[in-house]
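Source file: structure.cif; contents: mmCIF, C-alpha atoms and all ligand atoms.
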```cif
data_entry
#
loop_
_atom_site.label_atom_id
_atom_site.label_comp_id
_atom_site.auth_asym_id
_atom_site.auth_seq_id
_atom_site.Cartn_x
_atom_site.Cartn_y
_atom_site.Cartn_z
CA MET A 1 -74.94 267.76 -10.67
CA SER A 2 -74.32 271.34 -11.78
CA THR A 3 -73.48 272.72 -15.20
CA ASN A 4 -71.95 276.04 -16.12
CA ALA A 5 -70.95 277.95 -19.25
CA HIS A 6 -67.65 276.25 -20.03
CA THR A 7 -68.58 272.61 -19.40
CA ASP A 8 -71.20 270.67 -21.27
CA ALA A 9 -74.23 269.30 -19.41
CA HIS A 10 -72.84 265.75 -19.37
CA THR A 11 -69.78 266.29 -17.22
CA GLU A 12 -69.97 266.45 -13.48
CA THR A 13 -68.30 269.68 -12.28
CA THR A 14 -66.60 269.45 -8.94
CA THR A 15 -64.07 271.59 -7.13
CA HIS A 16 -61.30 269.65 -8.90
CA GLY A 17 -62.12 270.56 -12.53
CA SER A 18 -64.46 268.44 -14.61
CA SER A 19 -64.46 264.65 -14.84
CA ARG A 20 -63.25 265.21 -18.38
CA ASP A 21 -60.24 267.15 -17.01
CA ARG A 22 -59.59 264.26 -14.64
CA GLU A 23 -59.84 261.56 -17.29
CA ILE A 24 -56.71 259.36 -17.24
CA VAL A 25 -55.14 259.55 -20.70
CA ASP A 26 -51.73 258.01 -19.99
CA ALA A 27 -50.18 255.64 -17.44
CA ARG A 28 -46.70 254.22 -17.71
CA VAL A 29 -44.25 252.20 -15.65
CA ILE A 30 -40.73 253.57 -15.26
CA VAL A 31 -38.02 251.11 -14.16
CA THR A 32 -34.70 252.70 -13.23
CA CYS A 33 -31.61 251.71 -11.26
CA PRO A 34 -29.74 254.73 -9.84
CA GLY A 35 -27.60 252.55 -7.57
CA ARG A 36 -30.52 250.18 -6.93
CA ASN A 37 -33.74 249.26 -8.77
CA PHE A 38 -36.92 251.30 -8.44
CA VAL A 39 -40.28 250.96 -10.18
CA THR A 40 -42.45 254.05 -10.52
CA LEU A 41 -45.94 254.46 -11.98
CA ARG A 42 -46.66 257.75 -13.76
CA ILE A 43 -50.34 258.66 -14.41
CA GLU A 44 -51.43 261.68 -16.47
CA THR A 45 -54.86 263.26 -16.82
CA ARG A 46 -56.39 264.96 -19.83
CA SER A 47 -55.76 268.32 -18.17
CA GLY A 48 -52.05 267.43 -17.99
CA VAL A 49 -51.80 266.76 -14.25
CA VAL A 50 -49.22 264.04 -13.47
CA GLY A 51 -49.11 261.83 -10.40
CA LEU A 52 -46.41 259.37 -9.29
CA GLY A 53 -46.60 256.19 -7.20
CA ASP A 54 -43.77 253.95 -5.96
CA ALA A 55 -44.09 250.31 -7.08
CA THR A 56 -40.75 248.95 -5.85
CA LEU A 57 -40.66 245.46 -4.35
CA ASN A 58 -37.02 244.61 -3.62
CA GLY A 59 -35.91 241.58 -5.62
CA ARG A 60 -39.29 241.23 -7.36
CA GLU A 61 -39.42 244.59 -9.20
CA LEU A 62 -40.31 243.20 -12.63
CA ALA A 63 -43.22 241.18 -11.23
CA VAL A 64 -44.85 244.41 -10.08
CA ALA A 65 -43.89 246.24 -13.28
CA SER A 66 -45.66 243.53 -15.29
CA TYR A 67 -48.69 243.46 -12.97
CA LEU A 68 -49.05 247.18 -13.56
CA GLN A 69 -48.21 247.27 -17.27
CA ASP A 70 -50.15 244.18 -18.30
CA HIS A 71 -53.11 244.16 -15.92
CA LEU A 72 -53.75 247.52 -14.25
CA VAL A 73 -52.69 250.18 -16.80
CA PRO A 74 -55.15 248.98 -19.49
CA ASN A 75 -57.93 249.38 -16.90
CA LEU A 76 -56.84 252.91 -15.96
CA ILE A 77 -57.09 254.66 -19.32
CA GLY A 78 -60.37 256.59 -19.59
CA ARG A 79 -61.17 256.42 -15.86
CA ASP A 80 -61.76 259.50 -13.69
CA ALA A 81 -58.57 260.05 -11.64
CA GLY A 82 -60.71 261.62 -8.93
CA ARG A 83 -62.45 258.30 -8.21
CA ILE A 84 -59.63 257.11 -5.98
CA GLU A 85 -61.68 254.86 -3.71
CA ASP A 86 -63.60 253.27 -6.57
CA ILE A 87 -60.40 252.53 -8.49
CA TRP A 88 -58.90 250.99 -5.34
CA GLN A 89 -61.98 248.79 -4.87
CA PHE A 90 -61.98 247.88 -8.58
CA PHE A 91 -58.35 246.69 -8.46
CA TYR A 92 -58.66 244.98 -5.06
CA ARG A 93 -62.00 243.23 -5.39
CA GLY A 94 -61.74 242.93 -9.15
CA ALA A 95 -58.41 241.06 -8.96
CA TYR A 96 -60.16 237.93 -7.73
CA TRP A 97 -56.71 236.73 -6.55
CA ARG A 98 -56.59 239.18 -3.68
CA ARG A 99 -53.73 240.51 -1.55
CA GLY A 100 -50.06 239.51 -1.63
CA PRO A 101 -47.01 241.78 -1.99
CA VAL A 102 -47.06 242.05 -5.79
CA THR A 103 -50.76 242.84 -6.09
CA MET A 104 -50.83 245.29 -3.17
CA THR A 105 -47.65 247.06 -4.30
CA ALA A 106 -49.16 247.56 -7.75
CA ILE A 107 -52.43 248.82 -6.28
CA ALA A 108 -50.44 251.09 -3.95
CA ALA A 109 -48.62 252.69 -6.87
CA VAL A 110 -51.91 253.54 -8.59
CA ASP A 111 -53.40 254.83 -5.34
CA VAL A 112 -50.49 257.11 -4.44
CA ALA A 113 -50.31 258.50 -7.97
CA LEU A 114 -54.04 259.35 -7.80
CA TRP A 115 -53.70 261.03 -4.40
CA ASP A 116 -50.76 262.99 -5.84
CA ILE A 117 -52.96 264.13 -8.75
CA LEU A 118 -55.79 265.08 -6.38
CA GLY A 119 -53.41 267.23 -4.35
CA LYS A 120 -52.16 268.95 -7.47
CA MET A 121 -55.72 269.57 -8.71
CA ALA A 122 -56.74 270.93 -5.33
CA GLY A 123 -53.50 272.91 -4.95
CA LEU A 124 -52.98 271.25 -1.55
CA PRO A 125 -50.19 269.15 0.03
CA LEU A 126 -51.25 265.56 0.65
CA TYR A 127 -51.28 265.93 4.45
CA GLN A 128 -53.95 268.63 4.09
CA LEU A 129 -56.16 266.34 2.00
CA LEU A 130 -55.89 263.71 4.76
CA GLY A 131 -56.96 266.07 7.53
CA GLY A 132 -54.11 268.50 8.13
CA ARG A 133 -51.03 268.65 10.30
CA SER A 134 -50.97 266.72 13.59
CA ARG A 135 -47.26 267.50 14.23
CA GLU A 136 -44.31 269.55 13.11
CA GLY A 137 -42.19 266.97 11.32
CA ALA A 138 -41.96 263.19 11.66
CA LEU A 139 -39.53 261.70 14.19
CA VAL A 140 -37.16 259.46 12.22
CA TYR A 141 -34.58 256.83 13.02
CA ALA A 142 -31.32 256.16 11.18
CA HIS A 143 -29.46 252.89 10.66
CA ALA A 144 -26.19 252.46 12.55
CA ASN A 145 -24.28 249.26 12.07
CA GLY A 146 -20.82 247.94 12.74
CA ARG A 147 -18.80 244.82 12.22
CA ASP A 148 -18.42 244.67 15.99
CA ILE A 149 -19.92 246.38 19.04
CA SER A 150 -17.34 249.18 19.14
CA GLU A 151 -17.86 250.06 15.47
CA ALA A 152 -21.63 250.00 15.93
CA SER A 153 -21.35 252.32 18.92
CA GLU A 154 -19.16 254.70 16.93
CA GLU A 155 -21.81 254.75 14.18
CA VAL A 156 -24.54 255.54 16.72
CA GLY A 157 -22.40 258.45 17.87
CA LYS A 158 -22.06 259.73 14.29
CA TYR A 159 -25.85 259.76 13.83
CA ARG A 160 -26.30 261.51 17.15
CA GLU A 161 -23.92 264.21 15.90
CA LYS A 162 -26.04 264.51 12.74
CA GLY A 163 -28.98 265.33 14.99
CA PHE A 164 -30.82 262.00 15.06
CA LEU A 165 -32.90 261.43 18.17
CA ALA A 166 -33.43 257.73 17.36
CA VAL A 167 -31.01 255.18 15.92
CA ARG A 168 -31.36 251.53 14.95
CA ALA A 169 -28.28 249.55 15.91
CA GLN A 170 -27.08 246.27 14.42
CA CYS A 171 -23.69 244.65 14.83
CA GLY A 172 -21.74 241.71 13.48
CA VAL A 173 -22.16 238.35 15.21
CA PRO A 174 -18.83 236.71 16.12
CA GLY A 175 -18.55 233.48 14.17
CA VAL A 176 -21.26 234.47 11.67
CA LYS A 177 -20.20 235.76 8.23
CA LYS A 178 -22.41 238.52 6.74
CA ALA A 179 -24.81 238.94 9.66
CA TYR A 180 -27.97 240.88 8.72
CA GLY A 181 -27.76 244.63 8.46
CA ILE A 182 -23.99 245.06 8.37
CA SER A 183 -22.76 247.14 5.42
CA SER A 184 -19.25 246.81 4.06
CA GLY A 185 -16.83 249.67 3.56
CA GLY A 186 -19.02 252.38 5.02
CA LYS A 187 -21.52 252.14 2.13
CA PRO A 188 -25.22 252.15 3.01
CA TYR A 189 -26.55 248.60 3.54
CA GLU A 190 -28.09 247.28 0.30
CA PRO A 191 -28.97 243.60 0.85
CA ALA A 192 -30.06 242.81 -2.75
CA GLU A 193 -26.54 242.72 -4.12
CA SER A 194 -26.46 239.76 -6.51
CA GLU A 195 -28.46 238.46 -9.48
CA LEU A 196 -29.24 235.26 -7.60
CA PRO A 197 -29.72 235.12 -3.84
CA ALA A 198 -26.46 235.21 -1.89
CA GLU A 199 -26.37 232.38 0.64
CA THR A 200 -25.69 233.50 4.22
CA VAL A 201 -25.24 231.38 7.34
CA TRP A 202 -27.08 232.09 10.58
CA SER A 203 -26.54 231.09 14.20
CA THR A 204 -29.18 232.04 16.74
CA PRO A 205 -27.10 231.10 19.81
CA LYS A 206 -24.23 233.33 18.66
CA TYR A 207 -26.67 236.15 17.89
CA LEU A 208 -28.48 235.89 21.24
CA GLU A 209 -25.08 236.11 22.94
CA VAL A 210 -24.04 239.40 21.36
CA VAL A 211 -27.20 241.55 21.15
CA PRO A 212 -27.69 242.23 24.88
CA LYS A 213 -23.97 243.13 25.08
CA LEU A 214 -24.43 245.55 22.15
CA PHE A 215 -27.17 247.47 23.94
CA GLU A 216 -25.43 247.39 27.29
CA ARG A 217 -22.47 249.09 25.59
CA LEU A 218 -24.65 251.58 23.69
CA ARG A 219 -26.37 252.72 26.86
CA ALA A 220 -22.97 253.01 28.57
CA ASP A 221 -21.55 255.03 25.65
CA HIS A 222 -24.57 257.19 24.75
CA GLY A 223 -26.77 257.36 27.83
CA ASN A 224 -30.57 257.21 27.95
CA ASP A 225 -31.62 260.23 25.92
CA VAL A 226 -31.32 258.53 22.55
CA GLU A 227 -34.01 256.11 21.32
CA LEU A 228 -32.43 252.80 20.37
CA LEU A 229 -34.06 250.27 18.06
CA HIS A 230 -33.09 246.83 16.84
CA ASP A 231 -34.24 244.62 13.97
CA VAL A 232 -34.19 240.86 14.59
CA HIS A 233 -35.29 240.42 10.99
CA HIS A 234 -37.52 237.36 11.51
CA ARG A 235 -34.69 235.17 12.79
CA LEU A 236 -35.93 233.83 16.14
CA SER A 237 -38.49 231.30 17.31
CA PRO A 238 -41.19 232.76 19.57
CA ILE A 239 -39.51 231.56 22.78
CA GLU A 240 -36.08 232.79 21.62
CA ALA A 241 -37.70 236.14 20.79
CA ALA A 242 -39.25 236.21 24.25
CA ARG A 243 -35.82 235.58 25.77
CA LEU A 244 -34.15 238.35 23.76
CA ALA A 245 -36.98 240.82 24.51
CA ARG A 246 -36.49 240.06 28.21
CA ASP A 247 -32.68 240.23 28.03
CA VAL A 248 -32.73 243.73 26.50
CA GLU A 249 -35.34 245.14 28.92
CA PRO A 250 -32.69 246.96 31.02
CA TYR A 251 -31.67 248.96 27.91
CA ARG A 252 -35.18 250.29 27.25
CA LEU A 253 -35.35 249.87 23.47
CA PHE A 254 -37.81 251.99 21.54
CA TRP A 255 -38.70 248.73 19.78
CA LEU A 256 -37.54 245.23 18.92
CA GLU A 257 -38.53 244.63 15.30
CA ASP A 258 -39.58 241.46 13.49
CA ALA A 259 -38.69 239.38 16.54
CA THR A 260 -40.22 236.25 15.01
CA PRO A 261 -41.89 235.50 11.66
CA ALA A 262 -45.44 236.80 11.98
CA GLU A 263 -47.47 234.61 9.65
CA ASN A 264 -48.56 233.02 12.92
CA GLN A 265 -49.78 236.20 14.57
CA LYS A 266 -50.54 234.30 17.80
CA SER A 267 -46.82 233.62 18.30
CA PHE A 268 -46.45 237.18 19.62
CA GLU A 269 -48.59 236.20 22.62
CA LEU A 270 -45.61 234.25 23.94
CA ILE A 271 -43.24 237.22 23.60
CA ARG A 272 -45.76 239.48 25.32
CA GLN A 273 -46.01 237.08 28.28
CA HIS A 274 -42.30 237.44 29.02
CA SER A 275 -41.33 241.01 28.29
CA VAL A 276 -42.33 244.67 28.26
CA THR A 277 -39.89 245.53 25.45
CA PRO A 278 -42.01 247.30 22.79
CA LEU A 279 -42.52 245.24 19.63
CA ALA A 280 -42.73 246.33 15.98
CA VAL A 281 -43.67 244.18 13.01
CA GLY A 282 -45.14 244.39 9.56
CA GLU A 283 -42.78 245.61 6.83
CA VAL A 284 -43.49 242.38 4.92
CA PHE A 285 -47.27 242.65 5.45
CA ASN A 286 -49.47 243.98 2.69
CA SER A 287 -52.93 244.29 4.19
CA ILE A 288 -54.85 244.77 7.41
CA TRP A 289 -55.59 241.04 7.44
CA ASP A 290 -51.90 240.24 8.01
CA CYS A 291 -51.95 242.09 11.33
CA LYS A 292 -55.57 242.15 12.55
CA HIS A 293 -54.98 239.64 15.39
CA LEU A 294 -51.72 241.33 16.39
CA ILE A 295 -53.38 244.75 16.61
CA GLU A 296 -56.73 243.89 18.20
CA ASN A 297 -54.96 241.86 20.89
CA GLN A 298 -52.32 244.55 21.40
CA LEU A 299 -49.55 242.05 20.78
CA ILE A 300 -47.47 244.76 19.12
CA ASP A 301 -46.81 248.44 19.79
CA TYR A 302 -45.90 249.64 16.28
CA ILE A 303 -47.15 248.53 12.88
CA ARG A 304 -44.49 248.82 10.14
CA THR A 305 -46.62 248.13 7.07
CA THR A 306 -46.05 251.04 4.75
CA ILE A 307 -47.74 252.74 1.85
CA VAL A 308 -45.82 251.14 -1.04
CA HIS A 309 -46.41 247.51 0.01
CA GLY A 310 -49.68 247.94 1.88
CA GLY A 311 -52.06 249.01 -0.87
CA GLY A 312 -51.38 252.74 -0.75
CA ILE A 313 -52.84 255.62 1.24
CA THR A 314 -56.42 254.43 0.85
CA HIS A 315 -55.70 251.13 2.64
CA LEU A 316 -53.13 252.46 5.09
CA ARG A 317 -55.63 255.03 6.39
CA ARG A 318 -57.92 252.15 7.33
CA LEU A 319 -55.07 250.17 8.87
CA ALA A 320 -53.78 253.17 10.86
CA ASP A 321 -57.27 253.97 12.16
CA PHE A 322 -57.76 250.34 13.21
CA ALA A 323 -54.36 250.37 14.92
CA GLY A 324 -55.24 253.64 16.66
CA LEU A 325 -58.33 252.05 18.23
CA HIS A 326 -55.96 249.59 19.96
CA GLN A 327 -53.20 252.03 21.00
CA VAL A 328 -50.87 250.74 18.30
CA ARG A 329 -48.81 253.40 16.52
CA THR A 330 -47.35 253.62 13.04
CA GLY A 331 -43.65 252.95 12.39
CA PHE A 332 -43.40 252.93 8.62
CA HIS A 333 -40.73 250.89 6.90
CA GLY A 334 -38.38 253.31 5.12
CA ALA A 335 -35.38 251.40 3.79
CA THR A 336 -33.49 252.49 0.68
CA ASP A 337 -35.47 249.95 -1.38
CA LEU A 338 -38.54 252.13 -0.94
CA SER A 339 -38.16 255.07 -3.32
CA PRO A 340 -38.30 258.78 -2.43
CA VAL A 341 -41.81 258.72 -3.95
CA CYS A 342 -42.88 256.36 -1.15
CA MET A 343 -40.95 258.40 1.41
CA GLY A 344 -42.68 261.58 0.27
CA ALA A 345 -46.14 260.04 0.50
CA ALA A 346 -45.29 258.36 3.81
CA LEU A 347 -44.13 261.64 5.34
CA HIS A 348 -47.36 263.39 4.41
CA PHE A 349 -49.20 260.49 6.05
CA ASP A 350 -46.88 260.71 9.09
CA THR A 351 -47.57 264.46 9.31
CA TRP A 352 -51.31 263.80 9.51
CA VAL A 353 -51.87 260.42 11.22
CA PRO A 354 -52.91 260.89 14.87
CA ASN A 355 -51.29 257.64 16.11
CA PHE A 356 -47.87 258.30 14.59
CA GLY A 357 -44.90 256.51 16.17
CA ILE A 358 -41.75 256.90 14.12
CA GLN A 359 -40.52 256.80 10.51
CA GLU A 360 -37.55 254.79 9.32
CA TYR A 361 -35.12 256.91 7.31
CA MET A 362 -32.21 255.35 5.47
CA PHE A 363 -30.38 257.86 3.27
CA HIS A 364 -30.95 257.32 -0.44
CA SER A 365 -27.87 257.65 -2.67
CA GLU A 366 -27.02 260.90 -4.45
CA GLU A 367 -27.94 259.31 -7.80
CA THR A 368 -31.34 258.27 -6.42
CA ASN A 369 -32.07 261.74 -5.08
CA GLU A 370 -31.14 263.25 -8.45
CA VAL A 371 -33.60 260.97 -10.25
CA PHE A 372 -36.32 261.69 -7.66
CA PRO A 373 -36.18 265.40 -6.67
CA HIS A 374 -38.24 265.98 -3.51
CA ASP A 375 -39.11 268.71 -1.03
CA TYR A 376 -38.85 266.85 2.29
CA VAL A 377 -35.94 267.90 4.52
CA PHE A 378 -34.24 266.53 7.64
CA ARG A 379 -34.09 268.94 10.58
CA ASP A 380 -33.82 268.50 14.39
CA GLY A 381 -34.18 264.73 14.23
CA ARG A 382 -37.33 264.90 12.12
CA LEU A 383 -38.26 264.85 8.45
CA HIS A 384 -40.39 267.78 7.35
CA VAL A 385 -42.59 267.75 4.27
CA GLY A 386 -42.97 270.77 2.05
CA ASP A 387 -46.26 272.42 1.05
CA THR A 388 -45.98 271.54 -2.62
CA PRO A 389 -49.36 270.27 -3.84
CA GLY A 390 -49.45 266.46 -3.80
CA HIS A 391 -46.64 264.43 -2.18
CA GLY A 392 -43.84 266.72 -3.33
CA VAL A 393 -41.73 264.16 -5.22
CA THR A 394 -41.06 264.18 -8.97
CA ILE A 395 -39.01 262.06 -11.37
CA ASP A 396 -36.41 263.16 -13.90
CA GLU A 397 -37.33 260.68 -16.63
CA LYS A 398 -34.35 261.51 -18.86
CA LEU A 399 -31.95 260.82 -16.00
CA ALA A 400 -33.92 257.72 -14.98
CA ALA A 401 -33.49 256.34 -18.49
CA ARG A 402 -29.71 256.41 -18.02
CA TYR A 403 -29.93 253.74 -15.31
CA PRO A 404 -31.17 250.45 -16.81
CA TYR A 405 -32.68 247.75 -14.62
CA SER A 406 -30.07 245.50 -13.02
CA PRO A 407 -31.38 242.05 -11.92
CA LYS A 408 -30.87 241.65 -8.17
CA GLN A 409 -32.36 239.39 -5.53
CA LEU A 410 -32.32 239.41 -1.74
CA PRO A 411 -30.07 236.96 0.13
CA ILE A 412 -31.29 233.76 1.76
CA ALA A 413 -30.17 232.33 5.12
CA ARG A 414 -29.34 228.80 6.18
CA LEU A 415 -28.40 227.49 9.61
CA GLU A 416 -24.92 226.10 10.14
CA ASP A 417 -26.22 222.60 9.39
CA GLY A 418 -27.61 223.78 6.06
CA SER A 419 -31.28 224.01 7.05
CA MET A 420 -33.14 226.83 5.28
CA TRP A 421 -33.84 229.70 7.68
CA ASP A 422 -35.37 233.17 7.53
CA TRP A 423 -33.19 235.88 6.09
C1 LIG B 1 -35.11 246.09 7.02
C2 LIG B 1 -35.13 246.30 5.55
O1 LIG B 1 -35.21 248.44 7.14
C3 LIG B 1 -35.54 247.38 7.70
O2 LIG B 1 -36.17 247.30 8.74
O3 LIG B 1 -35.89 245.04 7.46
O4 LIG B 1 -33.95 246.93 5.20
C4 LIG B 1 -35.29 245.04 4.72
O5 LIG B 1 -34.19 244.18 4.96
C5 LIG B 1 -35.31 245.44 3.26
O6 LIG B 1 -36.31 246.41 3.07
C6 LIG B 1 -35.57 244.24 2.37
O7 LIG B 1 -35.66 244.66 1.04
MG MG B 2 -36.90 245.44 9.22
#
```

Mind turning this structure into structure tokens?
Amino acid sequence: MSTNAHTDAHTETTTHGSSRDREIVDARVIVTCPGRNFVTLRIETRSGVVGLGDATLNGRELAVASYLQDHLVPNLIGRDAGRIEDIWQFFYRGAYWRRGPVTMTAIAAVDVALWDILGKMAGLPLYQLLGGRSREGALVYAHANGRDISEASEEVGKYREKGFLAVRAQCGVPGVKKAYGISSGGKPYEPAESELPAETVWSTPKYLEVVPKLFERLRADHGNDVELLHDVHHRLSPIEAARLARDVEPYRLFWLEDATPAENQKSFELIRQHSVTPLAVGEVFNSIWDCKHLIENQLIDYIRTTIVHGGGITHLRRLADFAGLHQVRTGFHGATDLSPVCMGAALHFDTWVPNFGIQEYMFHSEETNEVFPHDYVFRDGRLHVGDTPGHGVTIDEKLAARYPYSPKQLPIARLEDGSMWDW
């Protein structure tokens, strides 16, 4: 421990000011709805450095806001913002009731805000704190969807013209109203559109009929030099998923996502036995334990668990390193219900992480981007972070206050006979 003229003997002086400078003096939860709900945690140190973390959990925003406000914020005041790992351990091990999307999203918000503060104190962009650049920009994929195959193919073409090198494609399913992923009237797809869950109907046979035809057409229309992805969104049984993965093999997808619900991680063994189509899973996971079997047995190729729902940068570094040991790459979730704060932090992580795969990139609305100014930019099919210290995203609190929370929940799905299914 060293002392010098301007700090008293009791404070530890490090390269990031004194522990007194780093003392957390304020932490508050900001809920705003610029077109859709977002929850943001703002932490401030005694020296006036502010960090932000995304705490948005689509359809359960207020649960996380309360977890933060009522249980984590009181434990933050007075702590040293530089003790990122210790605070993570305190909130993870100290929760007693560990893991789960609400807990890990709240912990993630604290963690990202602290990493943001550290970057600002060090005068370094987040990717530099993690270990520096591994690439120029993060390959991203856009969301193309259409009510039918032709419309979906047209949408893919539009994203190609915008410079995207990778596009996720979803299309309507004949005979199924409101199939997953299909937006109406050209607006971006926002599934949480009603105060109580909208009921949708699902038919696997009708879906399995149309998807191979969609990709056959996309390859015919757009050739092989665009990466195509598809999201099954948890709808198939393991054997149905194996069949679809095999049926789309000729079209060489970059990945087939959430082919089957993954609580039973072993179910992916069946898909792997039948197909070489790359598999991605994990946007609904919130810790390494949700995907340990999948990764160590190489049952997947990309892990989708992202910073906002997976416990923040501190936990995702561990998860990404574990995945890297088993040749699994990252493919962060990046839908519009993850705020620009998460996107900013994710892109710094993507810029550093050695086993990077791809980053999902759905365009946020104008209103959202005005509330969350950021320095990342899209260029040549990739998103590029800036060199602003921290993660490069801020919040306009005055503007945020103009958009009050609007209760919304995600849809549910039932089969045609009324059985509950996976949305
Ligand atoms: C989807 C998400 O982007 C995706 O891969 O699975 O849009 C998902 O439906 C939403 O994030 C749910 O809130
Ligand atoms: Mg998905």

Next item on the list: Could you give me, as a VMD selection string, the residues within 12 Å of segment 336-338 of chain A, counting only C-alpha atoms and dropping anything in the same chain fewer than 4 positions from it?
Entry: chain A and resid 33 to 40 53 to 61 105 109 142 to 143 188 to 193 283 306 to 309 332 342 to 346 360 to 366 368 to 369 372 408 to 410

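Among the candidate residues A:Thr200, A:Gln359, A:Thr277, A:Ser150, the one lying nearest to ligand MG 2 (chain B) is A:Gln359, with distances computed using only C-alpha atoms and all ligand atoms.
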
Item checked: Separation of atom CA of Asn75 of chain A from atom CA of Ala108 of chain A, in Å and rounded to one decimal -> 15.1 Å

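Nearest to ligand LIG 1 (chain B) of all the residues A:Glu161, A:Glu257, A:Asp380, A:Asp225 is A:Glu257, counting only C-alpha atoms and all ligand atoms.
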
Note to self: Would you pick out the contacts of segment 81-87 of chain A at 7 Å or less, using all atoms listed in the file, so that residues sharing its chain but fewer than 4 positions from it are not included, and give the list as a list of chain:residue names?
What the structure shows: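 After dropping sequence-adjacent residues, the list is A:Arg22, A:Glu23, A:Ile24, A:Phe91, A:Asp111, A:Leu114, A:Leu118, A:Thr314.
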
Next item on the list: Go through A:Ser339, A:Ala152, A:Ile182, A:Pro174 one by one, measure the shortest atom-to-atom distance of each to Leu41 of chain A using only C-alpha atoms, and give the residue with the smallest value.
Entry: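 For Leu41 of chain A, the nearest of the candidates is A:Ser339.
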
Note to self: Any residue with an atom at most 8 Å from ligand MG 2 (chain B) counts, using only C-alpha atoms and all ligand atoms. Which are they? Put them as number ranges by chain.
What the structure shows: A: 231-233, 257-258, 281, 283, 333

Please, what is the axis-aligned box for every listed atom of ligand LIG 1 (chain B) with 8 Å on each side, as centre and edge lengths in Å to one decimal, as lines of an AutoDock Vina configuration file?
```
center_x = -35.1
center_y = 246.3
center_z = 4.9
size_x = 18.4
size_y = 20.3
size_z = 23.7
```

Item checked: Atom pair atom CA of Ser183 of chain A / atom CA of Leu383 of chain A: separation (Å) ->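 Atom-to-atom, atom CA of Ser183 of chain A and atom CA of Leu383 of chain A are spaced 23.7 Å apart.
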
Next item on the list: For Pro250 of chain A, please output as a list of chain:residue names all residues within 10 Å (counting all atoms listed in the file; exclusion window: fewer than 4 positions along the same chain).
Entry: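 Near Pro250 of chain A, the qualifying residues are A:Pro212, A:Phe215, A:Glu216, A:Arg219, A:Ala245, A:Arg246, A:Thr277.
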
Check: Between A:Gln170, A:Ser267, A:Asn355, A:Asn224, which one has atoms that come closest to ligand LIG 1 (chain B), using only C-alpha atoms and all ligand atoms?
Finding: A:Gln170

Next item on the list: Name the closest residue to Arg414 of chain A among the candidates A:Cys171, A:Glu199, A:Arg28, A:Val64; distances are taken between atoms, counting all atoms listed in the file.
Entry: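 So, comparing all the options, the nearest one is A:Glu199.
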
Next item on the list: Work out how far apart atom CA of Asp321 of chain A and atom CA of Val377 of chain A are and give it in Å to one decimal.
Entry: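 Distance reported for this atom pair: 26.6 Å.
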
Item checked: Which residue of A:Ala220, A:Val211, A:Leu294, A:Ala335 approaches ligand LIG 1 (chain B) most closely, using all atoms listed in the file ->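 Result for the nearest residue to ligand LIG 1 (chain B): A:Ala335.
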
Note to self: Residues within 8 Å of Phe285 of chain A, please, as a ChimeraX atom specification. Count all atoms listed in the file; anything in the same chain fewer than 6 positions from it doesn't count.
What the structure shows: /A:101,291,305,309-310
